[in-house]
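For reference, query.tsv (TSV, N, CA and C atoms):
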chain	number	residue	atom	x	y	z
A	2	MET	N	36.09	41.60	48.08
A	2	MET	CA	35.09	41.06	47.19
A	2	MET	C	33.88	41.98	47.20
A	3	LYS	N	33.33	42.19	46.02
A	3	LYS	CA	32.14	43.02	45.94
A	3	LYS	C	30.95	42.28	46.54
A	4	ASN	N	30.19	42.99	47.36
A	4	ASN	CA	29.03	42.38	47.99
A	4	ASN	C	27.88	42.16	47.01
A	5	ASP	N	27.87	42.91	45.90
A	5	ASP	CA	26.76	42.83	44.97
A	5	ASP	C	27.03	41.87	43.81
A	6	ASN	N	28.15	41.16	43.81
A	6	ASN	CA	28.47	40.25	42.73
A	6	ASN	C	27.98	38.84	43.09
A	7	LEU	N	26.82	38.49	42.57
A	7	LEU	CA	26.16	37.23	42.91
A	7	LEU	C	27.05	36.03	42.66
A	8	ILE	N	27.63	35.92	41.47
A	8	ILE	CA	28.39	34.72	41.15
A	8	ILE	C	29.69	34.64	41.96
A	9	ALA	N	30.31	35.78	42.23
A	9	ALA	CA	31.52	35.77	43.07
A	9	ALA	C	31.17	35.30	44.48
A	10	ASN	N	30.08	35.78	45.01
A	10	ASN	CA	29.65	35.37	46.35
A	10	ASN	C	29.26	33.89	46.39
A	11	LYS	N	28.49	33.45	45.38
A	11	LYS	CA	28.05	32.06	45.35
A	11	LYS	C	29.23	31.10	45.22
A	12	THR	N	30.18	31.43	44.37
A	12	THR	CA	31.31	30.53	44.17
A	12	THR	C	32.25	30.54	45.37
A	13	PHE	N	32.37	31.67	46.05
A	13	PHE	CA	33.18	31.72	47.27
A	13	PHE	C	32.55	30.85	48.35
A	14	ASP	N	31.25	31.02	48.55
A	14	ASP	CA	30.54	30.22	49.55
A	14	ASP	C	30.59	28.73	49.20
A	15	PHE	N	30.48	28.43	47.90
A	15	PHE	CA	30.55	27.04	47.47
A	15	PHE	C	31.94	26.47	47.76
A	16	SER	N	32.97	27.26	47.54
A	16	SER	CA	34.34	26.82	47.85
A	16	SER	C	34.47	26.47	49.32
A	17	LEU	N	33.90	27.29	50.16
A	17	LEU	CA	33.94	27.00	51.60
A	17	LEU	C	33.23	25.68	51.92
A	18	SER	N	32.11	25.44	51.27
A	18	SER	CA	31.39	24.19	51.53
A	18	SER	C	32.17	22.99	50.99
A	19	ILE	N	32.88	23.16	49.89
A	19	ILE	CA	33.71	22.08	49.34
A	19	ILE	C	34.87	21.78	50.29
A	20	ILE	N	35.44	22.80	50.89
A	20	ILE	CA	36.52	22.59	51.87
A	20	ILE	C	35.98	21.76	53.04
A	21	SER	N	34.79	22.08	53.51
A	21	SER	CA	34.19	21.31	54.60
A	21	SER	C	33.94	19.86	54.19
A	22	LEU	N	33.46	19.67	52.97
A	22	LEU	CA	33.23	18.32	52.45
A	22	LEU	C	34.55	17.57	52.36
A	23	PHE	N	35.58	18.23	51.91
A	23	PHE	CA	36.92	17.63	51.82
A	23	PHE	C	37.37	17.13	53.19
A	24	VAL	N	37.20	17.94	54.21
A	24	VAL	CA	37.59	17.57	55.57
A	24	VAL	C	36.79	16.34	56.04
A	25	GLN	N	35.50	16.35	55.76
A	25	GLN	CA	34.66	15.20	56.15
A	25	GLN	C	35.09	13.93	55.43
A	26	LEU	N	35.38	14.05	54.14
A	26	LEU	CA	35.79	12.88	53.36
A	26	LEU	C	37.12	12.33	53.83
A	27	LYS	N	38.04	13.21	54.17
A	27	LYS	CA	39.34	12.75	54.67
A	27	LYS	C	39.18	12.00	55.99
A	28	LYS	N	38.25	12.43	56.82
A	28	LYS	CA	37.98	11.72	58.09
A	28	LYS	C	37.48	10.30	57.83
A	29	GLU	N	36.85	10.11	56.66
A	29	GLU	CA	36.35	8.78	56.27
A	29	GLU	C	37.38	8.03	55.42
A	30	ASN	N	38.60	8.56	55.39
A	30	ASN	CA	39.69	7.96	54.62
A	30	ASN	C	39.42	7.89	53.12
A	31	GLU	N	38.71	8.88	52.60
A	31	GLU	CA	38.50	8.97	51.16
A	31	GLU	C	39.44	10.08	50.67
A	32	PHE	N	40.47	9.71	49.93
A	32	PHE	CA	41.50	10.67	49.56
A	32	PHE	C	41.51	11.02	48.08
A	33	ILE	N	41.07	10.15	47.21
A	33	ILE	CA	41.18	10.39	45.77
A	33	ILE	C	40.13	11.39	45.29
A	34	ILE	N	38.87	11.05	45.45
A	34	ILE	CA	37.79	11.93	44.98
A	34	ILE	C	37.80	13.23	45.77
A	35	SER	N	38.11	13.16	47.05
A	35	SER	CA	38.13	14.37	47.87
A	35	SER	C	39.15	15.39	47.33
A	36	LYS	N	40.31	14.91	46.90
A	36	LYS	CA	41.33	15.83	46.35
A	36	LYS	C	40.87	16.42	45.02
A	37	GLN	N	40.24	15.60	44.20
A	37	GLN	CA	39.72	16.10	42.92
A	37	GLN	C	38.67	17.18	43.15
A	38	LEU	N	37.77	16.90	44.10
A	38	LEU	CA	36.72	17.87	44.44
A	38	LEU	C	37.32	19.16	44.98
A	39	MET	N	38.32	19.04	45.83
A	39	MET	CA	38.95	20.23	46.42
A	39	MET	C	39.57	21.10	45.32
A	40	ARG	N	40.24	20.47	44.38
A	40	ARG	CA	40.89	21.22	43.31
A	40	ARG	C	39.89	21.95	42.42
A	41	CYS	N	38.96	21.19	41.85
A	41	CYS	CA	38.04	21.81	40.89
A	41	CYS	C	36.96	22.65	41.58
A	42	GLY	N	36.50	22.21	42.75
A	42	GLY	CA	35.44	22.93	43.45
A	42	GLY	C	35.85	24.30	43.93
A	43	THR	N	37.12	24.45	44.32
A	43	THR	CA	37.61	25.76	44.76
A	43	THR	C	38.14	26.59	43.59
A	44	SER	N	38.45	25.92	42.50
A	44	SER	CA	38.95	26.62	41.32
A	44	SER	C	37.88	27.46	40.63
A	45	ILE	N	36.62	27.08	40.79
A	45	ILE	CA	35.52	27.83	40.15
A	45	ILE	C	35.57	29.29	40.59
A	46	GLY	N	35.57	29.51	41.88
A	46	GLY	CA	35.59	30.87	42.42
A	46	GLY	C	36.85	31.62	42.07
A	47	ALA	N	37.98	30.92	42.05
A	47	ALA	CA	39.24	31.57	41.68
A	47	ALA	C	39.18	32.09	40.24
A	48	ASN	N	38.60	31.32	39.36
A	48	ASN	CA	38.48	31.75	37.96
A	48	ASN	C	37.46	32.86	37.79
A	49	VAL	N	36.41	32.83	38.59
A	49	VAL	CA	35.44	33.94	38.57
A	49	VAL	C	36.13	35.22	39.01
A	50	GLU	N	36.94	35.14	40.06
A	50	GLU	CA	37.69	36.33	40.52
A	50	GLU	C	38.62	36.84	39.44
A	51	GLU	N	39.29	35.93	38.74
A	51	GLU	CA	40.16	36.35	37.64
A	51	GLU	C	39.34	37.02	36.54
A	52	ALA	N	38.16	36.49	36.27
A	52	ALA	CA	37.30	37.07	35.24
A	52	ALA	C	36.89	38.50	35.61
A	53	ILE	N	36.62	38.71	36.88
A	53	ILE	CA	36.23	40.05	37.33
A	53	ILE	C	37.33	41.07	37.03
A	54	ALA	N	38.58	40.62	37.09
A	54	ALA	CA	39.71	41.50	36.83
A	54	ALA	C	40.22	41.40	35.39
A	55	ALA	N	39.39	40.87	34.50
A	55	ALA	CA	39.80	40.66	33.11
A	55	ALA	C	40.20	41.97	32.43
A	56	GLN	N	41.11	41.85	31.48
A	56	GLN	CA	41.61	43.01	30.75
A	56	GLN	C	40.74	43.37	29.55
A	57	SER	N	39.91	42.45	29.13
A	57	SER	CA	39.03	42.70	27.99
A	57	SER	C	37.80	41.80	28.11
A	58	LYS	N	36.82	42.05	27.27
A	58	LYS	CA	35.61	41.22	27.26
A	58	LYS	C	35.96	39.78	26.87
A	59	LYS	N	36.88	39.61	25.91
A	59	LYS	CA	37.29	38.27	25.49
A	59	LYS	C	38.02	37.54	26.62
A	60	ASP	N	38.83	38.27	27.35
A	60	ASP	CA	39.53	37.69	28.50
A	60	ASP	C	38.51	37.28	29.57
A	61	PHE	N	37.52	38.12	29.78
A	61	PHE	CA	36.44	37.82	30.74
A	61	PHE	C	35.73	36.52	30.35
A	62	ILE	N	35.36	36.41	29.09
A	62	ILE	CA	34.66	35.22	28.60
A	62	ILE	C	35.55	33.99	28.76
A	63	SER	N	36.81	34.13	28.46
A	63	SER	CA	37.75	33.02	28.59
A	63	SER	C	37.83	32.52	30.03
A	64	LYS	N	37.98	33.44	30.97
A	64	LYS	CA	38.07	33.07	32.39
A	64	LYS	C	36.76	32.47	32.90
A	65	MET	N	35.64	33.03	32.48
A	65	MET	CA	34.35	32.48	32.89
A	65	MET	C	34.13	31.10	32.27
A	66	SER	N	34.65	30.89	31.07
A	66	SER	CA	34.55	29.57	30.43
A	66	SER	C	35.35	28.53	31.20
A	67	ILE	N	36.49	28.92	31.71
A	67	ILE	CA	37.28	28.02	32.55
A	67	ILE	C	36.52	27.71	33.84
A	68	ALA	N	35.90	28.73	34.42
A	68	ALA	CA	35.08	28.52	35.63
A	68	ALA	C	33.95	27.53	35.33
A	69	SER	N	33.35	27.65	34.15
A	69	SER	CA	32.27	26.74	33.75
A	69	SER	C	32.78	25.31	33.65
A	70	LYS	N	33.95	25.13	33.05
A	70	LYS	CA	34.53	23.79	32.94
A	70	LYS	C	34.82	23.20	34.31
A	71	GLU	N	35.36	24.02	35.20
A	71	GLU	CA	35.65	23.55	36.55
A	71	GLU	C	34.37	23.19	37.30
A	72	ALA	N	33.31	23.95	37.07
A	72	ALA	CA	32.02	23.66	37.71
A	72	ALA	C	31.46	22.34	37.21
A	73	ARG	N	31.59	22.11	35.92
A	73	ARG	CA	31.09	20.85	35.35
A	73	ARG	C	31.91	19.66	35.84
A	74	GLU	N	33.21	19.85	35.99
A	74	GLU	CA	34.04	18.79	36.54
A	74	GLU	C	33.64	18.51	37.99
A	75	THR	N	33.38	19.56	38.74
A	75	THR	CA	32.95	19.41	40.13
A	75	THR	C	31.66	18.60	40.19
A	76	LYS	N	30.73	18.92	39.31
A	76	LYS	CA	29.46	18.18	39.25
A	76	LYS	C	29.73	16.70	38.98
A	77	TYR	N	30.64	16.42	38.08
A	77	TYR	CA	30.99	15.03	37.75
A	77	TYR	C	31.47	14.29	39.00
A	78	TRP	N	32.43	14.89	39.72
A	78	TRP	CA	32.98	14.22	40.90
A	78	TRP	C	31.94	14.06	42.01
A	79	LEU	N	31.05	15.04	42.15
A	79	LEU	CA	29.98	14.92	43.14
A	79	LEU	C	29.03	13.79	42.78
A	80	ARG	N	28.69	13.68	41.50
A	80	ARG	CA	27.82	12.60	41.05
A	80	ARG	C	28.49	11.24	41.26
A	81	LEU	N	29.77	11.18	40.96
A	81	LEU	CA	30.51	9.93	41.15
A	81	LEU	C	30.56	9.55	42.63
A	82	LEU	N	30.79	10.53	43.46
A	82	LEU	CA	30.81	10.29	44.91
A	82	LEU	C	29.46	9.76	45.38
A	83	ASP	N	28.39	10.36	44.86
A	83	ASP	CA	27.03	9.96	45.22
A	83	ASP	C	26.73	8.53	44.76
A	84	LYS	N	26.97	8.25	43.51
A	84	LYS	CA	26.59	6.96	42.92
A	84	LYS	C	27.50	5.81	43.36
A	85	SER	N	28.75	6.12	43.70
A	85	SER	CA	29.68	5.07	44.12
A	85	SER	C	29.37	4.54	45.52
A	86	GLU	N	28.68	5.35	46.31
A	86	GLU	CA	28.30	4.99	47.68
A	86	GLU	C	29.51	4.64	48.56
A	87	ILE	N	30.64	5.30	48.31
A	87	ILE	CA	31.82	5.05	49.15
A	87	ILE	C	31.76	5.83	50.45
A	88	THR	N	30.75	6.69	50.56
A	88	THR	CA	30.54	7.45	51.78
A	88	THR	C	29.04	7.61	52.01
A	89	LYS	N	28.69	7.88	53.23
A	89	LYS	CA	27.28	8.12	53.58
A	89	LYS	C	26.95	9.61	53.54
A	90	ILE	N	27.94	10.44	53.26
A	90	ILE	CA	27.73	11.89	53.19
A	90	ILE	C	26.83	12.21	52.00
A	91	SER	N	25.78	12.95	52.25
A	91	SER	CA	24.86	13.34	51.18
A	91	SER	C	25.48	14.43	50.30
A	92	THR	N	25.35	14.24	49.00
A	92	THR	CA	25.86	15.24	48.05
A	92	THR	C	24.73	16.07	47.45
A	93	GLU	N	23.51	15.84	47.89
A	93	GLU	CA	22.34	16.49	47.29
A	93	GLU	C	22.44	18.02	47.28
A	94	THR	N	22.76	18.62	48.41
A	94	THR	CA	22.82	20.09	48.45
A	94	THR	C	23.96	20.62	47.60
A	95	TYR	N	25.06	19.90	47.55
A	95	TYR	CA	26.19	20.31	46.70
A	95	TYR	C	25.80	20.25	45.23
A	96	LEU	N	25.10	19.18	44.85
A	96	LEU	CA	24.67	19.03	43.46
A	96	LEU	C	23.67	20.11	43.05
A	97	ILE	N	22.77	20.45	43.95
A	97	ILE	CA	21.81	21.53	43.66
A	97	ILE	C	22.55	22.85	43.48
A	98	GLU	N	23.48	23.14	44.37
A	98	GLU	CA	24.21	24.41	44.30
A	98	GLU	C	25.10	24.48	43.07
A	99	ILE	N	25.77	23.38	42.73
A	99	ILE	CA	26.65	23.43	41.55
A	99	ILE	C	25.82	23.60	40.28
A	100	GLU	N	24.62	23.05	40.26
A	100	GLU	CA	23.75	23.23	39.10
A	100	GLU	C	23.35	24.71	38.96
A	101	HIS	N	23.05	25.36	40.08
A	101	HIS	CA	22.74	26.80	40.04
A	101	HIS	C	23.95	27.59	39.52
A	102	ILE	N	25.11	27.26	40.02
A	102	ILE	CA	26.34	27.96	39.61
A	102	ILE	C	26.59	27.76	38.12
A	103	ILE	N	26.44	26.54	37.64
A	103	ILE	CA	26.63	26.27	36.20
A	103	ILE	C	25.65	27.10	35.38
A	104	ASN	N	24.39	27.14	35.80
A	104	ASN	CA	23.38	27.90	35.06
A	104	ASN	C	23.71	29.40	35.02
A	105	ILE	N	24.14	29.94	36.14
A	105	ILE	CA	24.48	31.36	36.19
A	105	ILE	C	25.69	31.67	35.31
A	106	ILE	N	26.73	30.86	35.43
A	106	ILE	CA	27.94	31.09	34.63
A	106	ILE	C	27.63	30.95	33.14
A	107	THR	N	26.83	29.96	32.78
A	107	THR	CA	26.45	29.77	31.37
A	107	THR	C	25.73	31.00	30.84
A	108	LYS	N	24.81	31.55	31.63
A	108	LYS	CA	24.08	32.76	31.22
A	108	LYS	C	25.03	33.95	31.09
A	109	ILE	N	25.96	34.08	32.01
A	109	ILE	CA	26.93	35.18	31.95
A	109	ILE	C	27.75	35.08	30.67
A	110	ILE	N	28.21	33.88	30.35
A	110	ILE	CA	29.02	33.68	29.14
A	110	ILE	C	28.22	34.01	27.90
A	111	LYS	N	27.00	33.48	27.81
A	111	LYS	CA	26.15	33.73	26.63
A	111	LYS	C	25.86	35.21	26.46
A	112	THR	N	25.51	35.88	27.54
A	112	THR	CA	25.21	37.31	27.48
A	112	THR	C	26.45	38.10	27.05
A	113	SER	N	27.61	37.73	27.57
A	113	SER	CA	28.85	38.42	27.22
A	113	SER	C	29.21	38.18	25.76
A	114	GLN	N	29.02	36.97	25.27
A	114	GLN	CA	29.30	36.67	23.87
A	114	GLN	C	28.37	37.44	22.94
A	115	GLU	N	27.11	37.54	23.34
A	115	GLU	CA	26.14	38.30	22.55
A	115	GLU	C	26.51	39.78	22.48
A	116	SER	N	27.04	40.32	23.58
A	116	SER	CA	27.40	41.74	23.60
A	116	SER	C	28.60	42.02	22.71
A	117	ILE	N	29.45	41.05	22.51
A	117	ILE	CA	30.60	41.20	21.59
A	117	ILE	C	30.12	41.18	20.15
A	118	SER	N	29.12	40.33	19.86
A	118	SER	CA	28.62	40.18	18.49
A	118	SER	C	27.88	41.39	17.97
A	119	LYS	N	27.40	42.23	18.88
A	119	LYS	CA	26.59	43.38	18.46
A	119	LYS	C	27.41	44.46	17.84
Any chance you could give the structure as structure tokens?
Amino acid sequence: MKNDNLIANKTFDFSLSIISLFVQLKKENEFIISKQLMRCGTSIGANVEEAIAAQSKKDFISKMSIASKEARETKYWLRLLDKSEITKISTETYLIEIEHIINIITKIIKTSQESISK
């Protein structure tokens, strides 16, 4: 992984934190939302990695758009976990980080789309 790729690093680190959250949730016998979070929360970084290896600018935008969708789904499950109060685990730091990730990915997509239009 490139050390200078902010979004690749952020999404990798976020995936690690989601894995830790998954383990904590399973210890509390929460299996449904934890599995959803594990799938979409770790998928963000995987799609960013695929985007980095894209064959074209359109392919890059497509992969980053999938990463954006996965990030938004992750935010949904985190919010649901928070509001449902089925666990005492705080989701605040996860929600803050996923919001940063969504903002960065959105900017990357918009900038890339603008560069195609020129």
Looking at A:Ala55, A:Leu7, A:Ile62, A:Ile90, which one is nearest to Lys111 (chain A), with distances taken over only N, CA and C atoms?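 Using only N, CA and C atoms, Lys111 (chain A) sits closest to A:Ile62.
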Nearest to Val49 (chain A), restricted to only C-alpha atoms and choosing among A:Phe32, A:Asn104, A:Glu71, A:Ser118, comes out as A:Glu71
Residue nearest Ser116 (chain A) - candidates A:Arg80, A:Lys27, A:Lys59, A:Lys64, atoms counted: only C-alpha atoms: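 Selected residue with least distance to Ser116 (chain A): A:Lys59.
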How many Å separate atom N of Lys84 (chain A) from atom N of Ser69 (chain A)?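 Spanning atom N of Lys84 (chain A) to atom N of Ser69 (chain A) is a straight-line distance of 22.5 Å.
By chain and then residue number, the residues within 8 Å of Lys76 (chain A) are Leu38, Cys41, Gly42, Lys70, Glu71, Leu81, Leu82, Tyr95, Leu96, Ile99 and Glu100 of chain A, counting all atoms listed in the file and disregarding those fewer than 5 positions away in sequence.
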For those residues, write N, CA and C atoms to a file as a PDB file, in the frame of the given file.
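Written out: again_37.pdb:
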ATOM      1  N   LEU A  38      37.770  16.900  44.100  1.00  0.00           N
ATOM      2  CA  LEU A  38      36.720  17.870  44.440  1.00  0.00           C
ATOM      3  C   LEU A  38      37.320  19.160  44.980  1.00  0.00           C
ATOM      4  N   CYS A  41      38.960  21.190  41.850  1.00  0.00           N
ATOM      5  CA  CYS A  41      38.040  21.810  40.890  1.00  0.00           C
ATOM      6  C   CYS A  41      36.960  22.650  41.580  1.00  0.00           C
ATOM      7  N   GLY A  42      36.500  22.210  42.750  1.00  0.00           N
ATOM      8  CA  GLY A  42      35.440  22.930  43.450  1.00  0.00           C
ATOM      9  C   GLY A  42      35.850  24.300  43.930  1.00  0.00           C
ATOM     10  N   LYS A  70      33.950  25.130  33.050  1.00  0.00           N
ATOM     11  CA  LYS A  70      34.530  23.790  32.940  1.00  0.00           C
ATOM     12  C   LYS A  70      34.820  23.200  34.310  1.00  0.00           C
ATOM     13  N   GLU A  71      35.360  24.020  35.200  1.00  0.00           N
ATOM     14  CA  GLU A  71      35.650  23.550  36.550  1.00  0.00           C
ATOM     15  C   GLU A  71      34.370  23.190  37.300  1.00  0.00           C
ATOM     16  N   LEU A  81      29.770  11.180  40.960  1.00  0.00           N
ATOM     17  CA  LEU A  81      30.510   9.930  41.150  1.00  0.00           C
ATOM     18  C   LEU A  81      30.560   9.550  42.630  1.00  0.00           C
ATOM     19  N   LEU A  82      30.790  10.530  43.460  1.00  0.00           N
ATOM     20  CA  LEU A  82      30.810  10.290  44.910  1.00  0.00           C
ATOM     21  C   LEU A  82      29.460   9.760  45.380  1.00  0.00           C
ATOM     22  N   TYR A  95      25.060  19.900  47.550  1.00  0.00           N
ATOM     23  CA  TYR A  95      26.190  20.310  46.700  1.00  0.00           C
ATOM     24  C   TYR A  95      25.800  20.250  45.230  1.00  0.00           C
ATOM     25  N   LEU A  96      25.100  19.180  44.850  1.00  0.00           N
ATOM     26  CA  LEU A  96      24.670  19.030  43.460  1.00  0.00           C
ATOM     27  C   LEU A  96      23.670  20.110  43.050  1.00  0.00           C
ATOM     28  N   ILE A  99      25.770  23.380  42.730  1.00  0.00           N
ATOM     29  CA  ILE A  99      26.650  23.430  41.550  1.00  0.00           C
ATOM     30  C   ILE A  99      25.820  23.600  40.280  1.00  0.00           C
ATOM     31  N   GLU A 100      24.620  23.050  40.260  1.00  0.00           N
ATOM     32  CA  GLU A 100      23.750  23.230  39.100  1.00  0.00           C
ATOM     33  C   GLU A 100      23.350  24.710  38.960  1.00  0.00           C
TER      34      GLU A 100
END
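Taking atom N of Thr107 (chain A) as the reference point, atom N of Ser35 (chain A) is found at 24.8 Å.
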For N, CA and C atoms, please extract region 33-66 of chain A from the block and return it as a short mmCIF file (atom, residue, chain, number, x, y, z; two decimals), in the first residue's frame.
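Generated output (selection.cif):
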data_model
loop_
_atom_site.label_atom_id
_atom_site.label_comp_id
_atom_site.auth_asym_id
_atom_site.auth_seq_id
_atom_site.Cartn_x
_atom_site.Cartn_y
_atom_site.Cartn_z
N ILE A 33 -26.45 -9.89 13.90
CA ILE A 33 -27.04 -9.42 12.64
C ILE A 33 -26.37 -8.13 12.16
N ILE A 34 -26.45 -7.08 12.96
CA ILE A 34 -25.87 -5.79 12.56
C ILE A 34 -24.36 -5.91 12.47
N SER A 35 -23.76 -6.69 13.36
CA SER A 35 -22.30 -6.84 13.33
C SER A 35 -21.83 -7.42 11.99
N LYS A 36 -22.56 -8.40 11.46
CA LYS A 36 -22.18 -8.99 10.17
C LYS A 36 -22.35 -7.99 9.03
N GLN A 37 -23.43 -7.22 9.09
CA GLN A 37 -23.65 -6.20 8.06
C GLN A 37 -22.52 -5.16 8.09
N LEU A 38 -22.17 -4.73 9.30
CA LEU A 38 -21.08 -3.76 9.45
C LEU A 38 -19.76 -4.33 8.95
N MET A 39 -19.49 -5.58 9.26
CA MET A 39 -18.24 -6.22 8.84
C MET A 39 -18.16 -6.24 7.31
N ARG A 40 -19.24 -6.60 6.67
CA ARG A 40 -19.24 -6.69 5.21
C ARG A 40 -19.02 -5.33 4.54
N CYS A 41 -19.88 -4.37 4.88
CA CYS A 41 -19.79 -3.08 4.18
C CYS A 41 -18.63 -2.24 4.69
N GLY A 42 -18.32 -2.31 5.99
CA GLY A 42 -17.25 -1.50 6.56
C GLY A 42 -15.88 -1.86 6.04
N THR A 43 -15.66 -3.15 5.75
CA THR A 43 -14.37 -3.57 5.21
C THR A 43 -14.35 -3.50 3.68
N SER A 44 -15.51 -3.47 3.09
CA SER A 44 -15.61 -3.39 1.63
C SER A 44 -15.17 -2.03 1.09
N ILE A 45 -15.30 -1.00 1.90
CA ILE A 45 -14.91 0.36 1.45
C ILE A 45 -13.46 0.36 0.99
N GLY A 46 -12.58 -0.10 1.86
CA GLY A 46 -11.15 -0.12 1.55
C GLY A 46 -10.82 -1.04 0.39
N ALA A 47 -11.52 -2.17 0.30
CA ALA A 47 -11.28 -3.09 -0.81
C ALA A 47 -11.61 -2.42 -2.15
N ASN A 48 -12.69 -1.67 -2.18
CA ASN A 48 -13.06 -0.97 -3.42
C ASN A 48 -12.13 0.19 -3.73
N VAL A 49 -11.63 0.84 -2.70
CA VAL A 49 -10.63 1.90 -2.92
C VAL A 49 -9.37 1.28 -3.53
N GLU A 50 -8.95 0.13 -3.01
CA GLU A 50 -7.78 -0.56 -3.57
C GLU A 50 -8.00 -0.93 -5.02
N GLU A 51 -9.21 -1.41 -5.34
CA GLU A 51 -9.52 -1.73 -6.73
C GLU A 51 -9.47 -0.47 -7.59
N ALA A 52 -9.96 0.63 -7.06
CA ALA A 52 -9.95 1.89 -7.81
C ALA A 52 -8.52 2.33 -8.11
N ILE A 53 -7.63 2.13 -7.16
CA ILE A 53 -6.23 2.51 -7.37
C ILE A 53 -5.64 1.75 -8.56
N ALA A 54 -6.09 0.53 -8.77
CA ALA A 54 -5.59 -0.29 -9.87
C ALA A 54 -6.50 -0.22 -11.11
N ALA A 55 -7.35 0.79 -11.17
CA ALA A 55 -8.30 0.91 -12.28
C ALA A 55 -7.61 0.98 -13.63
N GLN A 56 -8.30 0.48 -14.64
CA GLN A 56 -7.75 0.47 -16.00
C GLN A 56 -8.02 1.76 -16.76
N SER A 57 -8.95 2.55 -16.27
CA SER A 57 -9.27 3.82 -16.92
C SER A 57 -9.85 4.77 -15.87
N LYS A 58 -10.01 6.02 -16.26
CA LYS A 58 -10.60 7.02 -15.36
C LYS A 58 -12.05 6.64 -15.03
N LYS A 59 -12.78 6.13 -16.03
CA LYS A 59 -14.18 5.72 -15.80
C LYS A 59 -14.24 4.53 -14.85
N ASP A 60 -13.32 3.61 -15.00
CA ASP A 60 -13.24 2.45 -14.10
C ASP A 60 -12.93 2.93 -12.68
N PHE A 61 -12.02 3.88 -12.57
CA PHE A 61 -11.66 4.46 -11.27
C PHE A 61 -12.89 5.08 -10.60
N ILE A 62 -13.63 5.88 -11.35
CA ILE A 62 -14.83 6.53 -10.82
C ILE A 62 -15.86 5.48 -10.40
N SER A 63 -16.01 4.46 -11.20
CA SER A 63 -16.96 3.39 -10.88
C SER A 63 -16.61 2.71 -9.56
N LYS A 64 -15.34 2.35 -9.40
CA LYS A 64 -14.90 1.68 -8.16
C LYS A 64 -15.02 2.60 -6.94
N MET A 65 -14.68 3.87 -7.12
CA MET A 65 -14.80 4.81 -6.02
C MET A 65 -16.28 5.05 -5.68
N SER A 66 -17.14 5.00 -6.68
CA SER A 66 -18.58 5.14 -6.43
C SER A 66 -19.11 3.97 -5.61
#
